[in-house]
Amino acid sequence: HVAQIEAANHSYHTLDAPEISDADYDALKRRLAALEARFPDLARADSPTTKIGAAVAEGFAKVAHEIRMLSLENAFLDADVADFDGRMRSYLGLGPEVALPCTAEPKIDGLSLSLRYENGLLVQAATRGDGALGENVTENARTIADIPQHLTGAPAVLEVRGEVYMSHADFAALNARQAERGEKSFANPRNAAAGSLRQLDARITASRPLKFFAYSWGVLSEPLSDTQFGAIERLKALGFQTNPLTRLCADTAEMLAQYRAIEAQRATLGYDIDGVVYKLNDLALQARLGFRATTPRWAIAHKFPAELAWTRLEKIEIQVGRTGALSPVARLAPVTVGGVVVSNATLHNEDYIAGLSSKGEVIRDGKDIREGDWVQVYRAGDVIPKVADVDLLRRDPASQPFVFPHLCPECGSEALREEGDAVRRCTGGLICPAQAVEKLKHFVSRAAFDIEGLGAKQ
């Protein structure tokens with residue numbers, strides 16, 4: 001487990017090229033933490049559970065963080081959030097009758113950045129690195145429009161912390177430019193943002209459309225406020241972009257309600273988030289709670305299910321394959337699922353769209369799938385994304401059930417469904433251009449054309 005986690009940390013934080021999904025990484029860390037709790041004598045002094053991020057990459061000057069940049073504890077269930085509230089009360093000696101308001105804000109899936117201002121001037125920018133030492137990316141940060149170069153009315157020393165990210169639209173445009181140049185595409189906006197900020201040539205960073213949200217602070221010569229929410233409002237007043245979905249919640253019920261409200265908007269935000277962060281609002285109580293080895297006791301990240309996401313189904317299209325099978329495909333508003341940007345999902349066949357299995361059994365509680373619906377997309381590993389559920393509460397009352405075509409959309413021939421067959425097939429054969437092309441592709445493919453005896457002479 002240790003070797004796997006260390007390799008994953010290096011790939012994600014240092015190379016900006018993760019090799020395993022966030023869900024698999026979280027599962028590995030939880031498993032290792034459980035083993036260490038059960039067998040504390042076997043826990044390594046340098047265990048990944050005691051570390052933050054990864055070491056600074058070669059080529060960057062190092063910056064020592066005067067106040068360490070920590071990671072966050074993760075919550076995956078509603079019960080974990082209630083437990084978070086309970087642990088804070090226990091530590092502070094407070095009963096259930098005492099209100100403990102918390103802020104709730106989207107957890108941006110990008111790269112952490114710390115900005116140091118002295119007398120209102122930006123003097124240094126650094127990545128998180130391993131929490132104690134980061135990379136000096138000052139010249140790169142100066143190219144990001146969301147980052148102010150000068151502040152008016154700020155404390156004499158102000159260290160602002162936040163997240164560098166890339167919007168979905170800018171990510172798609174960047175990958176299109178990469179493809180035009182014959183260069184490698186990025187897997188998702190987080191990788192693109194991290195790779196763009198951590199360039200040794202600031203001119204490359206300047207050519208990349210990066211954005212920045214401020215959500216925290218480090219060294220201060222004077223307090224920004226006496227509350228978390230007030231401090232964020234102060235950062236906004238100083239000219240920083242802060243997330244408009246940040247809310248002050250009175251209790252865990254309101255925190256969970258905001259989590260669900262943010263999750264429902266995930267596909268329309270225009271940038272990637274992977275959860276909601278809760279922070280105790282009272283800064284004096286934050287100070288009393290303090291920190292563990294790598295995480296604060298007063299904050300937690302409530303993660304979204306890694307392989308699931310809600311998005312809008314914009315259109316259902318029919319593709320015709322080599323055997324004439326008519327296969328429905330969902331065209332989706334792009335959303336990142338399991339570390340990959342998903343814009344298409346399989347709908348299998350007409351029964352699946354109608355909410356039935358190939359055996360005629362009811363699935364998804366019998367909910368049919370319609371164009372314009374809000375759908376839950378499921379992706380695990382390399383499996384083609386599927387539509388797992390439909391939100392009927394968000395369905396347009398004027399929407400109509402999808403009518404599966406009985407004629408081939410490519411050649412107009414009749415598309416028949418044999419008894420006992422789940423698939424409808426075009427009867428056009430080679431007069432169907434789609435079938436002709438797909439049959440030719442298959443014929444010249446390695447699997448079909450690799451005939452023994454026709455290989456090159458030795």
# chains A, B, ... in the order shown; residues from 1 in each chain; ligands from 1
call {"tool": "residues_around", "arguments": {"residues": "range 84-88 of chain A", "least_positions_apart": "3", "cutoff": "8 Å", "atoms": "only C-alpha atoms", "output": "MDAnalysis selection string"}}
result
chainID A and resid 80:81 91:92 100 252 289 297:298 300
call {"tool": "select_by_dssp", "arguments": {"residues": "range 68-238 of chain A", "states": "strand (DSSP E or B)", "output": "NGL selection string"}}
result
:A and (74-75 or 102-108 or 111-118 or 121-127 or 133-136 or 150 or 157-165 or 211-220 or 227)
call {"tool": "closest_atom_pairs", "arguments": {"of": "range 268-374 of chain A", "to": "range 217-234 of chain A", "cutoff": "12 Å", "atoms": "only C-alpha atoms", "output": "Markdown table"}}
result
| residue | atom | partner | partner_atom | distance |
| --- | --- | --- | --- | --- |
| A:Tyr278 | CA | A:Gln228 | CA | 10.5 |
| A:Lys279 | CA | A:Gln228 | CA | 7.4 |
| A:Leu280 | CA | A:Gln228 | CA | 7.2 |
| A:Asn281 | CA | A:Gln228 | CA | 4.7 |
| A:Asp282 | CA | A:Thr227 | CA | 4.8 |
| A:Leu283 | CA | A:Thr227 | CA | 5.1 |
| A:Ala284 | CA | A:Asp226 | CA | 7.2 |
| A:Leu285 | CA | A:Thr227 | CA | 9.6 |
| A:Gln286 | CA | A:Gln228 | CA | 9.2 |
| A:Ala287 | CA | A:Asp226 | CA | 11.0 |
| A:Trp298 | CA | A:Gln228 | CA | 10.9 |
| A:Ala299 | CA | A:Gln228 | CA | 11.0 |
call {"tool": "write_last_selection", "arguments": {"atoms": "C-alpha atoms", "output": "JSON list (two decimals), in the first residue's frame"}}
result
[["chain", "number", "residue", "atom", "x", "y", "z"],
["A", 278, "TYR", "CA", -17.09, 22.69, 5.49],
["A", 279, "LYS", "CA", -15.18, 25.04, 7.82],
["A", 280, "LEU", "CA", -16.08, 26.13, 11.34],
["A", 281, "ASN", "CA", -17.08, 29.79, 11.07],
["A", 282, "ASP", "CA", -15.73, 31.06, 14.42],
["A", 283, "LEU", "CA", -11.99, 31.72, 13.97],
["A", 284, "ALA", "CA", -11.35, 31.78, 17.73],
["A", 285, "LEU", "CA", -12.80, 28.27, 17.96],
["A", 286, "GLN", "CA", -10.73, 27.24, 14.92],
["A", 287, "ALA", "CA", -7.63, 28.32, 16.85],
["A", 298, "TRP", "CA", -12.09, 22.45, 12.11],
["A", 299, "ALA", "CA", -12.56, 21.59, 8.41]]
call {"tool": "residues_around", "arguments": {"residues": "Ala173 in chain A", "least_positions_apart": "4", "cutoff": "12 Å", "atoms": "only C-alpha atoms", "output": "PyMOL selection string"}}
result
chain A and resi 166-169+177-180+185-186+189+192+207-209
call {"tool": "write_last_selection", "arguments": {"atoms": "all heavy atoms", "output": "short mmCIF file (atom, residue, chain, number, x, y, z; two decimals), in the first residue's frame"}}
result
data_model
loop_
_atom_site.label_atom_id
_atom_site.label_comp_id
_atom_site.auth_asym_id
_atom_site.auth_seq_id
_atom_site.Cartn_x
_atom_site.Cartn_y
_atom_site.Cartn_z
N MET A 166 -9.07 25.57 -14.43
CA MET A 166 -9.36 25.90 -15.82
C MET A 166 -10.82 25.57 -16.09
O MET A 166 -11.31 24.51 -15.67
CB MET A 166 -8.45 25.09 -16.77
CG MET A 166 -8.53 25.52 -18.22
SD MET A 166 -7.34 24.61 -19.28
CE MET A 166 -5.78 25.30 -18.71
N SER A 167 -11.53 26.46 -16.76
CA SER A 167 -12.94 26.22 -17.05
C SER A 167 -13.09 25.13 -18.10
O SER A 167 -12.15 24.83 -18.85
CB SER A 167 -13.62 27.51 -17.54
OG SER A 167 -13.21 27.79 -18.88
N HIS A 168 -14.28 24.55 -18.18
CA HIS A 168 -14.54 23.51 -19.17
C HIS A 168 -14.35 24.04 -20.60
O HIS A 168 -13.77 23.35 -21.45
CB HIS A 168 -15.97 22.97 -19.01
CG HIS A 168 -16.17 22.18 -17.76
ND1 HIS A 168 -17.41 21.90 -17.25
CD2 HIS A 168 -15.28 21.59 -16.91
CE1 HIS A 168 -17.28 21.18 -16.15
NE2 HIS A 168 -16.01 20.99 -15.91
N ALA A 169 -14.86 25.24 -20.85
CA ALA A 169 -14.77 25.80 -22.21
C ALA A 169 -13.31 26.05 -22.59
O ALA A 169 -12.89 25.73 -23.72
CB ALA A 169 -15.57 27.09 -22.29
N ARG A 177 -6.43 23.09 -29.58
CA ARG A 177 -5.17 23.66 -30.06
C ARG A 177 -4.03 22.63 -29.98
O ARG A 177 -3.19 22.55 -30.87
CB ARG A 177 -4.81 24.91 -29.25
CG ARG A 177 -5.73 26.09 -29.49
CD ARG A 177 -5.12 27.40 -29.00
NE ARG A 177 -4.86 27.40 -27.57
CZ ARG A 177 -5.75 27.74 -26.64
NH1 ARG A 177 -6.97 28.10 -27.01
NH2 ARG A 177 -5.43 27.74 -25.36
N GLN A 178 -4.03 21.85 -28.89
CA GLN A 178 -3.01 20.82 -28.74
C GLN A 178 -3.10 19.81 -29.89
O GLN A 178 -2.08 19.39 -30.45
CB GLN A 178 -3.18 20.09 -27.40
CG GLN A 178 -2.93 20.94 -26.17
CD GLN A 178 -1.45 21.22 -25.92
OE1 GLN A 178 -0.97 22.33 -26.15
NE2 GLN A 178 -0.74 20.22 -25.46
N ALA A 179 -4.32 19.42 -30.23
CA ALA A 179 -4.54 18.45 -31.31
C ALA A 179 -4.09 19.02 -32.65
O ALA A 179 -3.47 18.30 -33.46
CB ALA A 179 -6.01 18.04 -31.36
N GLU A 180 -4.39 20.30 -32.89
CA GLU A 180 -3.98 20.94 -34.15
C GLU A 180 -2.46 20.92 -34.31
O GLU A 180 -1.95 20.80 -35.43
CB GLU A 180 -4.49 22.38 -34.20
CG GLU A 180 -5.99 22.51 -34.41
CD GLU A 180 -6.45 23.95 -34.28
OE1 GLU A 180 -5.59 24.85 -34.10
OE2 GLU A 180 -7.68 24.19 -34.34
N SER A 185 -2.95 15.69 -25.67
CA SER A 185 -4.09 16.31 -25.03
C SER A 185 -4.06 16.05 -23.53
O SER A 185 -3.44 15.09 -23.07
CB SER A 185 -5.40 15.76 -25.62
OG SER A 185 -5.52 16.11 -26.97
N PHE A 186 -4.74 16.91 -22.77
CA PHE A 186 -4.85 16.73 -21.33
C PHE A 186 -6.08 15.89 -21.01
O PHE A 186 -7.11 15.99 -21.68
CB PHE A 186 -4.95 18.08 -20.62
CG PHE A 186 -3.70 18.92 -20.72
CD1 PHE A 186 -3.60 19.92 -21.68
CD2 PHE A 186 -2.64 18.71 -19.86
CE1 PHE A 186 -2.46 20.70 -21.78
CE2 PHE A 186 -1.49 19.48 -19.95
CZ PHE A 186 -1.39 20.47 -20.91
N PRO A 189 -9.50 19.00 -16.85
CA PRO A 189 -9.09 20.38 -16.57
C PRO A 189 -8.10 20.52 -15.43
O PRO A 189 -7.26 21.42 -15.45
CB PRO A 189 -10.43 21.06 -16.22
CG PRO A 189 -11.45 20.28 -16.97
CD PRO A 189 -10.97 18.85 -16.89
N ALA A 192 -4.69 19.93 -16.79
CA ALA A 192 -4.32 21.04 -17.66
C ALA A 192 -3.91 22.27 -16.86
O ALA A 192 -2.93 22.94 -17.18
CB ALA A 192 -5.50 21.38 -18.58
N SER A 207 0.00 31.79 -22.00
CA SER A 207 -0.83 31.40 -23.15
C SER A 207 -1.98 30.49 -22.75
O SER A 207 -2.83 30.17 -23.58
CB SER A 207 0.04 30.70 -24.21
OG SER A 207 0.42 29.40 -23.76
N ARG A 208 -2.01 30.07 -21.49
CA ARG A 208 -3.03 29.15 -21.02
C ARG A 208 -4.08 29.91 -20.21
O ARG A 208 -3.74 30.76 -19.38
CB ARG A 208 -2.40 28.05 -20.14
CG ARG A 208 -1.27 27.26 -20.83
CD ARG A 208 -1.80 26.20 -21.74
NE ARG A 208 -0.74 25.52 -22.47
CZ ARG A 208 -0.01 24.50 -22.01
NH1 ARG A 208 -0.19 24.06 -20.76
NH2 ARG A 208 0.89 23.92 -22.76
N PRO A 209 -5.36 29.61 -20.41
CA PRO A 209 -6.44 30.37 -19.75
C PRO A 209 -6.71 29.91 -18.32
O PRO A 209 -7.66 29.18 -18.05
CB PRO A 209 -7.64 30.09 -20.66
CG PRO A 209 -7.36 28.72 -21.22
CD PRO A 209 -5.87 28.60 -21.35
#
call {"tool": "atom_distance", "arguments": {"atom1": "CA of Leu313 in chain A", "atom2": "CA of Asn191 in chain A"}}
result
25.6 Å
call {"tool": "closest_atom_pairs", "arguments": {"of": "range 385-411 of chain A", "to": "range 314-337 of chain A", "cutoff": "8 Å", "atoms": "only C-alpha atoms", "output": "tab-separated table"}}
result
residue	atom	partner	partner_atom	distance
A:Cys408	CA	A:Leu326	CA	7.6
A:Pro409	CA	A:Ile318	CA	7.3
A:Glu410	CA	A:Val320	CA	7.5
call {"tool": "write_last_selection", "arguments": {"atoms": "C-alpha atoms", "output": "PDB file, in the first residue's frame"}}
result
ATOM      1  CA  CYS A 408     -32.211   3.265 -40.580  1.00  0.00           C
ATOM      2  CA  PRO A 409     -31.092   6.893 -40.116  1.00  0.00           C
ATOM      3  CA  GLU A 410     -28.220   6.307 -42.597  1.00  0.00           C
TER       4      GLU A 410
END
call {"tool": "closest_atom_pairs", "arguments": {"of": "range 242-315 of chain A", "to": "range 385-396 of chain A", "cutoff": "12 Å", "atoms": "only C-alpha atoms", "output": "JSON lines"}}
result
{"residue": "A:Ala264", "atom": "CA", "partner": "A:Arg394", "partner_atom": "CA", "distance": 10.0}
{"residue": "A:Gln265", "atom": "CA", "partner": "A:Arg394", "partner_atom": "CA", "distance": 11.7}
{"residue": "A:Glu307", "atom": "CA", "partner": "A:Pro385", "partner_atom": "CA", "distance": 9.5}
{"residue": "A:Leu308", "atom": "CA", "partner": "A:Ala388", "partner_atom": "CA", "distance": 8.7}
{"residue": "A:Ala309", "atom": "CA", "partner": "A:Ala388", "partner_atom": "CA", "distance": 9.8}
{"residue": "A:Trp310", "atom": "CA", "partner": "A:Asp391", "partner_atom": "CA", "distance": 8.9}
{"residue": "A:Thr311", "atom": "CA", "partner": "A:Val390", "partner_atom": "CA", "distance": 9.9}
{"residue": "A:Arg312", "atom": "CA", "partner": "A:Val390", "partner_atom": "CA", "distance": 9.8}
{"residue": "A:Leu313", "atom": "CA", "partner": "A:Val387", "partner_atom": "CA", "distance": 9.4}
